[in-house]
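To start, the structure under review is shown below, and the notes come after it.
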Amino acid sequence: MATEASLSISLHLQPHHHHLPAATYRHPFLQFPNHKQYNHSLSLSASHSPSPSPSPSSSSSSSSSPPSLQNPFQTGRFLTDDDLEKLELLGNYSYHQQLESGLLWVRTMREEEMDLAVSLLSESFAESMMMASGCVKLLEFLVKNYLIERREMMPHNATLLGVYRENGEEDFELAGTVELTFDGKGANANPPTPTPPKNSPYICNMAVRKPLRRRGIGWHLLRAGEDLITKMCSSREVYLHCRIIDEGPFNMYTKAGYSVVQTDSFLTLLTLQRRRRLMRKELPASEDDSVVDAPPDDRLIDERL
């Protein structure tokens with residue numbers, strides 16, 4: 001997932017991650033709902049029971065919520081009944097996984113959380129492009145405008161946030177993010193090469209914070225994205241990009257069932273961009289068939305995920 005050299009903010013890259021203080025990624029809205037308390041601005045499933053037990057398990061939910069939780073996303077454009085139903089599904093979506101070290105919760109990014117994602121992606125892109133630290137503010141401006149534009153295209157795309165709570169802690173903090181495109185209406189106008197089919201689901205811009213790597217968070221961000229894709233669209237052919245130099249992510253995607261369909265030409269190097277592989281996976285028709293083994297061994301996963 002590589003960025004455009006012209007900085008047109010396609011932002012399709014597999015970023016390297018910068019180590020920022022944990023407090024940067026803490027936010028009062030990052031709360032996991034339970035039977036005693038619901039945070040109406042972020043609680044994505046009104047049917048949540050208390051926090052999952054410590055035993056390793058994962059689940060997802062897209063159940064109906066009270067009227068106060070429905071359709072929390074404002075796009076500023078006319079929406080069909082189908083669009084409204086899909087927006088409600090996005091608002092209710094929730095995926096959680098009990099990891100060995102803590103609890104991971106993945107759901108759709110809300111407007112008030114955008115700055116958290118902007119900070120993570122900007123630092124990641126800056127290091128990946130070997131930009132001076134002083135350029136981060138400019139990147140933040142570009143990334144935020146990109147996310148705002150993408151948000152206006154919902155429900156044809158979505159950005160997921162993964163928030164994490166360490167065992168023994170009370171607060172959640174931002175762990176990672178991933179962007180999903182569900183159909184042609186949500187496709188990026190300038191996708192990276194090799195170009196994926198416009199009308200097929202597409203996964204990009206996955207990032208995990210450096211202090212929280214090697215815990216399987218990247219794996220479960222990918223699984224949550226695939227799970228939501230099966231709920232949002234009929235197409236089961238999912239695409240993503242992986243830079244050739246990124247052996248760790250390539251191993252993870254291969255373990256998850258993705259295969260290479262096309263590779264950038266060596267001429268790509270003349271544009272000062274990294275060569276990429278376009279990878280594809282056929283998702284199972286049934287959600288029950290989508291369950292896969294636990295994350296691959298950490299030695300197979302790049303330290304960024």
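Each chain in the structure tokens gets a letter, A, B, ..., in the order shown, and its residues are numbered from 1; ligands are numbered from 1 in order too.
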
Where in segment 56-250 of chain A does DSSP assign helix (DSSP H, G or I), given as a PyMOL selection string? chain A and resi 67-69+81-92+111-128+133-151+184-186+210-212+217-232+247-250

Fewer than 3 positions away in the same chain doesn't count, so skip those; otherwise give me all residues within 9 Å of Leu161 of chain A, counting only C-alpha atoms, as a count of residues only. 15

Have a look at atom CA of Leu283 of chain A and atom CA of Ala224 of chain A and let me know their distance in Å, one decimal.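 Result for atom CA of Leu283 of chain A versus atom CA of Ala224 of chain A: 12.6 Å, one decimal.
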
Take atom CA of Asn199 of chain A and atom CA of Leu240 of chain A and report the distance between them in Å, one decimal. 13.3 Å

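Our summary of the geometry notes that atom CA of Ser101 of chain A is positioned 23.5 Å from atom CA of Glu226 of chain A.
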
What are the closest atom pairs, with distances in Å to one decimal, for all residues of segment 169-240 of chain A lying within 12 Å of segment 140-146 of chain A? Consider only C-alpha atoms, order rows by chain and residue number, and present the result as CSV.
```
residue,atom,partner,partner_atom,distance
A:Glu179,CA,A:Tyr146,CA,11.8
A:Asn188,CA,A:Tyr146,CA,10.4
A:Ala189,CA,A:Tyr146,CA,11.7
A:Asn205,CA,A:Val143,CA,11.3
```

Looking only at the backbone, which of the residues in segment 79-269 of chain A does DSSP tag as strand (DSSP E), as a PyMOL selection string? chain A and resi 94-98+102-108+157-166+173-181+202-208+237-243+259-263
